[in-house]
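S.K.: One file is attached below, my_file27.cif, containing mmCIF, C-alpha atoms.
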```cif
data_run
loop_
_atom_site.label_atom_id
_atom_site.label_comp_id
_atom_site.auth_asym_id
_atom_site.auth_seq_id
_atom_site.Cartn_x
_atom_site.Cartn_y
_atom_site.Cartn_z
CA MET A 1 0.00 0.00 0.00
CA LYS A 2 2.79 2.35 0.98
CA ILE A 3 4.60 1.51 -2.25
CA ALA A 4 1.44 2.24 -4.22
CA MET A 5 1.18 5.64 -2.53
CA ILE A 6 4.80 6.41 -3.35
CA VAL A 7 4.25 5.42 -6.98
CA ILE A 8 1.15 7.60 -7.21
CA ALA A 9 2.95 10.50 -5.54
CA ALA A 10 5.88 10.08 -7.90
CA ALA A 11 3.49 10.20 -10.83
CA ILE A 12 1.64 13.25 -9.57
CA LEU A 13 4.61 15.33 -8.43
CA PRO A 14 6.24 15.78 -11.83
CA ALA A 15 2.87 16.83 -13.24
CA CYS A 16 2.59 19.45 -10.52
CA ALA A 17 6.13 20.58 -11.17
CA GLN A 18 5.49 21.14 -14.85
CA GLU A 19 4.63 24.81 -14.53
CA ILE A 20 6.93 26.69 -16.79
CA LYS A 21 9.34 29.25 -15.44
CA MET A 22 10.13 32.50 -17.13
CA PRO A 23 13.85 32.05 -17.78
CA VAL A 24 16.33 34.49 -16.34
CA ASN A 25 17.55 35.48 -19.77
CA LEU A 26 14.13 36.99 -20.45
CA ASP A 27 14.74 39.53 -17.72
CA ALA A 28 18.04 40.30 -19.36
CA LEU A 29 16.07 41.19 -22.50
CA ALA A 30 14.42 43.99 -20.55
CA ASP A 31 17.83 45.61 -20.32
CA LYS A 32 18.26 45.53 -24.09
CA ALA A 33 14.71 46.41 -25.07
CA ASP A 34 13.55 49.85 -26.07
CA GLU A 35 10.29 49.23 -24.20
CA ALA A 36 9.68 46.43 -21.75
CA VAL A 37 6.58 45.51 -19.78
CA THR A 38 6.53 42.96 -16.99
CA VAL A 39 3.30 41.97 -15.26
CA THR A 40 3.37 39.58 -12.32
CA MET A 41 0.09 38.45 -10.76
CA ASP A 42 0.56 35.51 -8.42
CA LYS A 43 -2.27 33.57 -6.80
CA SER A 44 -2.57 35.78 -3.73
CA MET A 45 -2.87 38.86 -5.89
CA LEU A 46 -5.40 37.25 -8.21
CA GLN A 47 -7.48 36.19 -5.23
CA PHE A 48 -7.24 39.68 -3.87
CA ALA A 49 -8.36 41.19 -7.21
CA GLY A 50 -11.18 38.63 -7.43
CA LYS A 51 -12.62 39.78 -4.11
CA PHE A 52 -13.42 43.16 -5.58
CA LEU A 53 -15.00 42.02 -8.82
CA ASN A 54 -18.73 42.42 -8.69
CA ASP A 55 -20.76 39.23 -9.10
CA ARG A 56 -23.73 41.24 -10.35
CA ASP A 57 -21.78 42.90 -13.13
CA GLY A 58 -21.73 40.56 -16.13
CA ASP A 59 -18.18 41.24 -17.31
CA GLU A 60 -16.69 41.38 -13.82
CA ALA A 61 -18.52 38.20 -12.82
CA ASP A 62 -17.06 36.43 -15.87
CA VAL A 63 -13.54 37.54 -15.02
CA ARG A 64 -14.06 36.59 -11.38
CA ARG A 65 -15.13 33.05 -12.30
CA LEU A 66 -12.26 32.80 -14.73
CA ILE A 67 -9.54 33.81 -12.31
CA ALA A 68 -10.91 31.65 -9.49
CA GLY A 69 -8.94 28.66 -10.73
CA LEU A 70 -5.81 30.52 -11.70
CA GLU A 71 -2.48 30.32 -9.93
CA GLY A 72 -0.82 33.18 -11.72
CA ILE A 73 -0.61 35.39 -14.77
CA TYR A 74 2.78 36.47 -15.99
CA VAL A 75 3.38 38.72 -18.98
CA ARG A 76 6.68 39.74 -20.49
CA SER A 77 6.63 42.05 -23.49
CA PHE A 78 9.58 43.64 -25.21
CA GLN A 79 9.98 46.05 -28.10
CA PHE A 80 13.40 46.49 -29.62
CA ARG A 81 14.85 49.32 -31.65
CA ASN A 82 16.46 47.02 -34.20
CA GLU A 83 15.90 43.56 -35.54
CA GLY A 84 18.08 40.81 -34.15
CA GLU A 85 18.35 42.24 -30.64
CA TYR A 86 16.85 39.08 -29.21
CA SER A 87 17.80 35.64 -30.36
CA GLY A 88 15.95 32.44 -31.11
CA ALA A 89 17.69 30.96 -28.07
CA ASP A 90 15.87 33.45 -25.83
CA VAL A 91 12.53 32.12 -27.07
CA GLU A 92 13.73 28.53 -27.12
CA ALA A 93 14.39 28.69 -23.38
CA VAL A 94 10.65 29.02 -22.91
CA ARG A 95 9.59 26.75 -25.76
CA SER A 96 11.79 23.88 -24.58
CA GLN A 97 9.84 23.74 -21.31
CA LEU A 98 6.70 23.07 -23.29
CA GLN A 99 7.89 19.88 -24.95
CA SER A 100 6.61 17.56 -22.20
CA PRO A 101 3.57 15.35 -22.94
CA ALA A 102 1.40 17.49 -20.67
CA TRP A 103 1.67 20.37 -23.11
CA GLY A 104 0.37 20.58 -26.62
CA ARG A 105 0.71 23.26 -29.26
CA LEU A 106 -2.71 24.29 -30.41
CA VAL A 107 -1.82 27.19 -32.64
CA GLY A 108 1.33 27.77 -34.58
CA VAL A 109 1.41 30.63 -37.05
CA ARG A 110 4.42 31.48 -39.16
CA SER A 111 4.43 34.59 -41.30
CA LYS A 112 6.84 35.37 -44.08
CA HIS A 113 7.43 38.70 -42.35
CA GLY A 114 8.85 36.87 -39.32
CA GLU A 115 5.73 37.29 -37.20
CA ASN A 116 5.29 34.01 -35.39
CA VAL A 117 2.69 33.06 -32.81
CA ASP A 118 2.57 29.86 -30.82
CA VAL A 119 -0.15 28.98 -28.34
CA PHE A 120 0.51 26.06 -26.01
CA PHE A 121 -2.12 24.48 -23.80
CA LYS A 122 -1.70 22.19 -20.86
CA ASP A 123 -4.38 19.57 -20.39
CA GLY A 124 -6.01 20.11 -17.01
CA GLY A 125 -8.43 17.17 -17.29
CA ASN A 126 -12.25 17.34 -17.18
CA ALA A 127 -12.29 19.36 -20.40
CA LYS A 128 -10.42 22.15 -18.64
CA LEU A 129 -7.11 23.73 -19.44
CA GLY A 130 -4.28 23.46 -16.95
CA GLY A 131 -2.31 26.39 -18.29
CA ILE A 132 -1.65 28.45 -21.38
CA VAL A 133 1.49 29.92 -22.81
CA VAL A 134 1.41 32.35 -25.71
CA ILE A 135 4.61 33.26 -27.49
CA ALA A 136 4.29 36.05 -30.03
CA ALA A 137 7.58 36.80 -31.74
CA GLU A 138 8.14 39.49 -34.32
CA PRO A 139 11.46 40.79 -35.61
CA ARG A 140 11.44 43.72 -33.18
CA GLU A 141 8.88 42.52 -30.65
CA LEU A 142 8.52 39.62 -28.30
CA THR A 143 5.59 38.91 -25.99
CA ILE A 144 5.24 35.91 -23.72
CA VAL A 145 2.08 35.33 -21.71
CA ASN A 146 2.03 32.55 -19.14
CA ILE A 147 -1.31 31.75 -17.53
CA VAL A 148 -0.96 29.15 -14.79
CA GLY A 149 -3.94 27.26 -13.38
CA THR A 150 -7.22 25.73 -14.41
CA LEU A 151 -9.52 27.55 -16.74
CA ASP A 152 -12.44 26.93 -19.02
CA PRO A 153 -11.44 27.20 -22.70
CA ALA A 154 -14.80 28.73 -23.56
CA ARG A 155 -14.04 31.66 -21.28
CA LEU A 156 -10.52 32.20 -22.50
CA ALA A 157 -11.33 35.26 -24.58
CA ASP A 158 -12.64 37.00 -21.43
CA LEU A 159 -9.08 37.30 -20.17
CA GLY A 160 -8.03 39.37 -23.19
CA GLY A 161 -7.52 42.97 -22.17
CA GLU A 162 -7.36 42.08 -18.45
CA PHE A 163 -4.29 41.86 -16.19
CA GLY A 164 -1.95 43.03 -18.92
CA ILE A 165 -2.94 40.24 -21.33
CA PRO A 166 -3.30 41.50 -24.89
CA ARG A 167 -6.87 41.51 -26.17
CA LEU A 168 -7.58 38.48 -28.29
CA GLU A 169 -8.64 39.25 -31.84
CA ARG A 170 -11.06 36.78 -33.32
CA SER A 171 -10.34 37.08 -37.02
CA ARG A 172 -8.35 38.89 -39.63
CA THR A 173 -8.84 39.74 -43.26
CA HIS A 174 -8.29 37.04 -45.87
CA GLY A 175 -4.78 36.57 -47.09
CA GLU A 176 -3.18 38.00 -43.97
CA ALA A 177 -0.99 35.33 -42.56
CA ARG A 178 -0.86 35.86 -38.82
CA MET B 179 -11.14 75.37 19.03
CA ARG B 180 -9.41 77.68 16.59
CA ALA B 181 -6.05 76.74 18.09
CA GLN B 182 -6.87 73.07 17.66
CA ALA B 183 -7.88 73.65 14.04
CA CYS B 184 -4.67 75.58 13.43
CA ALA B 185 -2.66 72.81 15.03
CA ALA B 186 -4.40 70.22 12.86
CA VAL B 187 -3.75 72.21 9.70
CA LEU B 188 -0.13 72.77 10.68
CA THR B 189 0.31 69.09 11.40
CA ALA B 190 -1.20 68.22 8.03
CA LEU B 191 1.06 70.72 6.28
CA MET B 192 4.13 69.44 8.05
CA ALA B 193 3.23 65.86 7.34
CA GLY B 194 2.64 66.77 3.74
CA SER B 195 5.78 68.75 3.28
CA THR B 196 7.96 65.97 4.49
CA ALA B 197 5.61 63.45 2.93
CA PHE B 198 6.70 60.61 5.14
CA GLY B 199 3.89 59.62 7.40
CA GLY B 200 3.30 56.24 8.85
CA ASP B 201 3.54 53.73 6.08
CA ALA B 202 6.57 51.54 6.45
CA GLU B 203 6.77 50.37 2.85
CA PHE B 204 6.63 53.87 1.45
CA ASP B 205 9.30 54.99 3.89
CA ARG B 206 11.41 51.97 3.10
CA ILE B 207 11.39 52.67 -0.64
CA VAL B 208 12.04 56.37 -0.21
CA LYS B 209 14.96 55.67 2.13
CA ALA B 210 16.34 53.05 -0.24
CA ILE B 211 16.29 55.53 -3.15
CA GLU B 212 17.82 58.18 -0.92
CA SER B 213 20.67 55.94 0.01
CA ARG B 214 21.13 54.47 -3.45
CA TYR B 215 21.31 57.78 -5.28
CA GLY B 216 22.72 59.89 -2.45
CA THR B 217 19.93 62.41 -2.68
CA ARG B 218 17.02 63.54 -0.56
CA PRO B 219 13.45 64.20 -1.67
CA VAL B 220 12.53 67.81 -2.23
CA ARG B 221 10.00 69.42 0.06
CA VAL B 222 6.57 69.72 -1.51
CA PRO B 223 4.77 72.64 0.10
CA PHE B 224 1.09 72.22 0.97
CA LEU B 225 1.08 68.54 0.11
CA GLY B 226 -0.93 67.86 3.25
CA VAL B 227 -3.63 70.24 2.06
CA ALA B 228 -3.60 68.61 -1.38
CA ASN B 229 -4.04 65.27 0.30
CA LEU B 230 -7.15 66.57 2.05
CA PHE B 231 -8.58 67.54 -1.35
CA VAL B 232 -7.65 64.18 -2.81
CA LYS B 233 -9.62 62.50 -0.05
CA VAL B 234 -12.63 64.53 -1.11
CA ALA B 235 -12.19 64.37 -4.88
CA HIS B 236 -11.11 60.73 -5.28
CA PRO B 237 -9.32 61.18 -8.62
CA GLU B 238 -8.90 57.89 -10.45
CA GLY B 239 -10.20 55.99 -7.41
CA ALA B 240 -7.40 57.20 -5.14
CA THR B 241 -8.38 57.98 -1.57
CA GLY B 242 -5.15 59.34 -0.23
CA PHE B 243 -1.59 59.64 -1.24
CA LYS B 244 1.95 60.15 -0.15
CA LEU B 245 4.51 61.66 -2.42
CA ALA B 246 8.25 61.99 -2.55
CA VAL B 247 10.01 63.76 -5.40
CA PHE B 248 13.72 63.39 -6.05
CA GLU B 249 15.32 65.94 -8.34
CA ASP B 250 18.77 66.07 -9.96
CA LEU B 251 18.98 62.32 -10.11
CA LYS B 252 21.25 62.44 -13.16
CA SER B 253 20.37 58.96 -14.29
CA ALA B 254 22.48 58.07 -17.30
CA GLU B 255 21.31 56.57 -20.58
CA ASP B 256 23.79 53.75 -20.16
CA PRO B 257 22.06 50.32 -20.34
CA GLY B 258 24.06 49.24 -17.30
CA VAL B 259 22.36 51.92 -15.22
CA TRP B 260 18.94 50.72 -16.34
CA ARG B 261 19.90 47.15 -15.57
CA GLU B 262 21.14 48.04 -12.10
CA ARG B 263 18.02 50.05 -11.38
CA ASN B 264 15.80 47.11 -12.36
CA ARG B 265 17.77 44.85 -10.03
CA PHE B 266 17.66 47.45 -7.29
CA MET B 267 13.89 47.88 -7.58
CA ASP B 268 13.47 44.09 -7.59
CA THR B 269 15.21 43.94 -4.23
CA LEU B 270 12.62 46.29 -2.72
CA ALA B 271 9.84 43.71 -3.02
CA GLY B 272 8.95 41.92 0.19
CA PRO B 273 6.19 39.91 1.83
CA ASN B 274 4.03 43.03 2.12
CA LEU B 275 5.02 44.54 -1.17
CA HIS B 276 4.33 42.57 -4.34
CA PRO B 277 5.92 43.70 -7.60
CA LEU B 278 3.00 44.03 -9.98
CA VAL B 279 4.10 45.87 -13.09
CA ARG B 280 7.37 47.14 -14.44
CA VAL B 281 7.48 49.29 -17.56
CA THR B 282 10.74 50.61 -18.88
CA SER B 283 10.88 52.85 -21.90
CA ARG B 284 14.35 53.76 -22.99
CA ARG B 285 12.82 55.72 -25.84
CA GLU B 286 11.01 57.99 -23.37
CA GLY B 287 13.77 57.78 -20.79
CA GLU B 288 11.18 56.64 -18.26
CA ALA B 289 10.75 53.64 -16.01
CA THR B 290 7.69 52.87 -13.89
CA TYR B 291 7.56 50.28 -11.13
CA ILE B 292 4.24 49.43 -9.52
CA PHE B 293 4.09 47.47 -6.28
CA MET B 294 0.94 46.45 -4.48
CA THR B 295 0.11 45.84 -0.86
CA PRO B 296 -3.28 44.15 -0.43
CA ALA B 297 -5.35 45.87 2.21
CA ARG B 298 -8.73 44.90 3.64
CA LYS B 299 -11.05 46.75 1.27
CA SER B 300 -8.66 48.18 -1.26
CA ALA B 301 -5.13 47.95 -2.52
CA ARG B 302 -2.28 50.20 -1.62
CA LEU B 303 -0.34 50.94 -4.77
CA LEU B 304 3.20 52.15 -4.59
CA ILE B 305 4.36 53.67 -7.85
CA ALA B 306 7.95 54.66 -8.43
CA THR B 307 8.68 56.54 -11.64
CA PHE B 308 12.13 57.42 -12.84
CA GLU B 309 12.62 60.03 -15.53
CA ARG B 310 15.87 61.35 -16.94
CA ASN B 311 16.56 63.73 -14.07
CA GLU B 312 14.00 63.00 -11.44
CA ALA B 313 12.19 60.25 -9.64
CA THR B 314 8.81 60.21 -7.97
CA VAL B 315 7.47 57.78 -5.42
CA ILE B 316 3.73 57.80 -4.85
CA GLU B 317 1.64 55.73 -2.55
CA VAL B 318 -2.12 55.68 -3.02
CA GLN B 319 -4.95 53.76 -1.53
CA ALA B 320 -6.72 52.57 -4.65
CA ASN B 321 -9.90 50.73 -5.46
CA ILE B 322 -9.96 47.75 -7.79
CA ASP B 323 -10.85 49.85 -10.86
CA THR B 324 -7.70 51.89 -10.37
CA LEU B 325 -5.74 48.73 -9.88
CA LEU B 326 -7.05 47.23 -13.12
CA LYS B 327 -6.48 50.49 -14.99
CA SER B 328 -2.92 50.59 -13.72
CA LEU B 329 -2.41 47.14 -15.15
CA GLU B 330 -3.85 48.15 -18.51
CA ASP B 331 -1.82 51.34 -18.77
CA PRO B 332 0.84 51.58 -16.06
CA GLU B 333 2.53 54.67 -17.47
CA HIS B 334 -0.78 56.53 -17.56
CA ALA B 335 -1.49 55.52 -13.97
CA GLY B 336 1.87 56.81 -12.85
CA ARG B 337 1.42 60.04 -14.77
CA THR B 338 -2.12 60.90 -13.62
CA LEU B 339 -1.40 60.19 -10.00
CA ARG B 340 1.74 62.29 -10.19
CA GLU B 341 0.14 65.30 -11.84
#
```
What is this structure when it is put down as structure tokens?

M.R.:
Amino acid sequence: MKIAMIVIAAAILPACAQEIKMPVNLDALADKADEAVTVTMDKSMLQFAGKFLNDRDGDEADVRRLIAGLEGIYVRSFQFRNEGEYSGADVEAVRSQLQSPAWGRLVGVRSKHGENVDVFFKDGGNAKLGGIVVIAAEPRELTIVNIVGTLDPARLADLGGEFGIPRLERSRTHGEAR
Amino acid sequence: MRAQACAAVLTALMAGSTAFGGDAEFDRIVKAIESRYGTRPVRVPFLGVANLFVKVAHPEGATGFKLAVFEDLKSAEDPGVWRERNRFMDTLAGPNLHPLVRVTSRREGEATYIFMTPARKSARLLIATFERNEATVIEVQANIDTLLKSLEDPEHAGRTLRE
């Protein structure tokens, strides 16, 4: 029985430890960037914000429900004066953490202008998401959004424009490859 | 009665002009900047009176503020200086002071650091803004709308609370 518990614990622990970390070299990018924005909302701060969202207000109630299961929201956004001021290795440090079976890439857009967007989802079970990472890389811009915790995919768009997360745009004109 | 009123006004003015009342986190940040840059905040006359008006007017959801302005900071354009300042501001975070937003704009020569201390019914926001030659530290008691606005547009939040 004890062995079974240890085996179960060993199986669960790595899954719990699979939250991605914003690598240190990303902070170093802030030193090089022309403009840099860092947003850090850990669980205690999300819970605190949630307390003040009004349940009777439709939009606020939606956001409140959405953040109830979240552990943290972390945004790093950089704009550079010139192309090539950040390297593929900087992005790879994040992307490599998302190669485990728990993570899947749902969206991958490559543009001939070098505007690339990847959206990674972590399976949270019960038709819920266990986390989301968005990497939007352009020649002179890099944005990484890391949403940790359980959330309902149907309510995902509600987070756009909140807590420093860029607003999600539903569609674009034909022929625009983004 | 008149003497008491005068005393109250004088106390408010004095508290305002030095701008360092009771809050430990505000004092801690101001002292850290003082010691780091070897400068002292300038006196802001009638700040206490302004604070009374702020309590009445509630601009941008703020219900009170503390302010410290540092002039002649002579912060260089050198990337190393920006890097060191980011590290320095990171060290100011603590169990009662969560780093929330950091915006650095080398183009504008401006850096804004927003920290938050959760309070019972509101948040206490501590906003430190560095410009080319001066720095401002503001502490406001803010409602959740202000908090969310500061997340959406941190530079605007810093600017409106400072002006």

S.K.: Output the contact residues of chain B with respect to chain A at a cut-off of 6 Å, based on only C-alpha atoms, as a list in words.

M.R.: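 Contact residues on the first chain: Arg261, Leu278, Val279, Arg280, Val281, Thr282, Ser283, Arg284, Arg285, Leu329 and Glu330 of chain B.
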
S.K.: Rounded to one decimal place, report the atom CA of A:Asp62-atom CA of A:Lys21 distance in Å.

M.R.: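 Separation between atom CA of A:Asp62 and atom CA of A:Lys21: 27.4 Å.
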
S.K.: Quick one: residues within 7 Å of stretch 302-310 of chain B, all atoms listed in the file counted, chain neighbours fewer than 5 positions away excluded, as a VMD selection string?

M.R.: chain B and resid 252 to 253 287 to 297 315 to 320 336

S.K.: Find the residues near A:Glu92: any atom within 12 Å, counting only C-alpha atoms, skip ones fewer than 5 places away on the same chain, and give them as a list in words.

M.R.: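 Answer for this query is Met22, Pro23, Asn25, Leu26, Tyr86, Ser87, Gln97, Leu98, Gln99, Asp118, Ile135, Ala137 and Ile144 of chain A.
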
S.K.: Figure out the distance between atom CA of A:Leu66 and atom CA of A:Lys128, please, to one decimal in Å.

M.R.: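 A separation of 11.5 Å between them.
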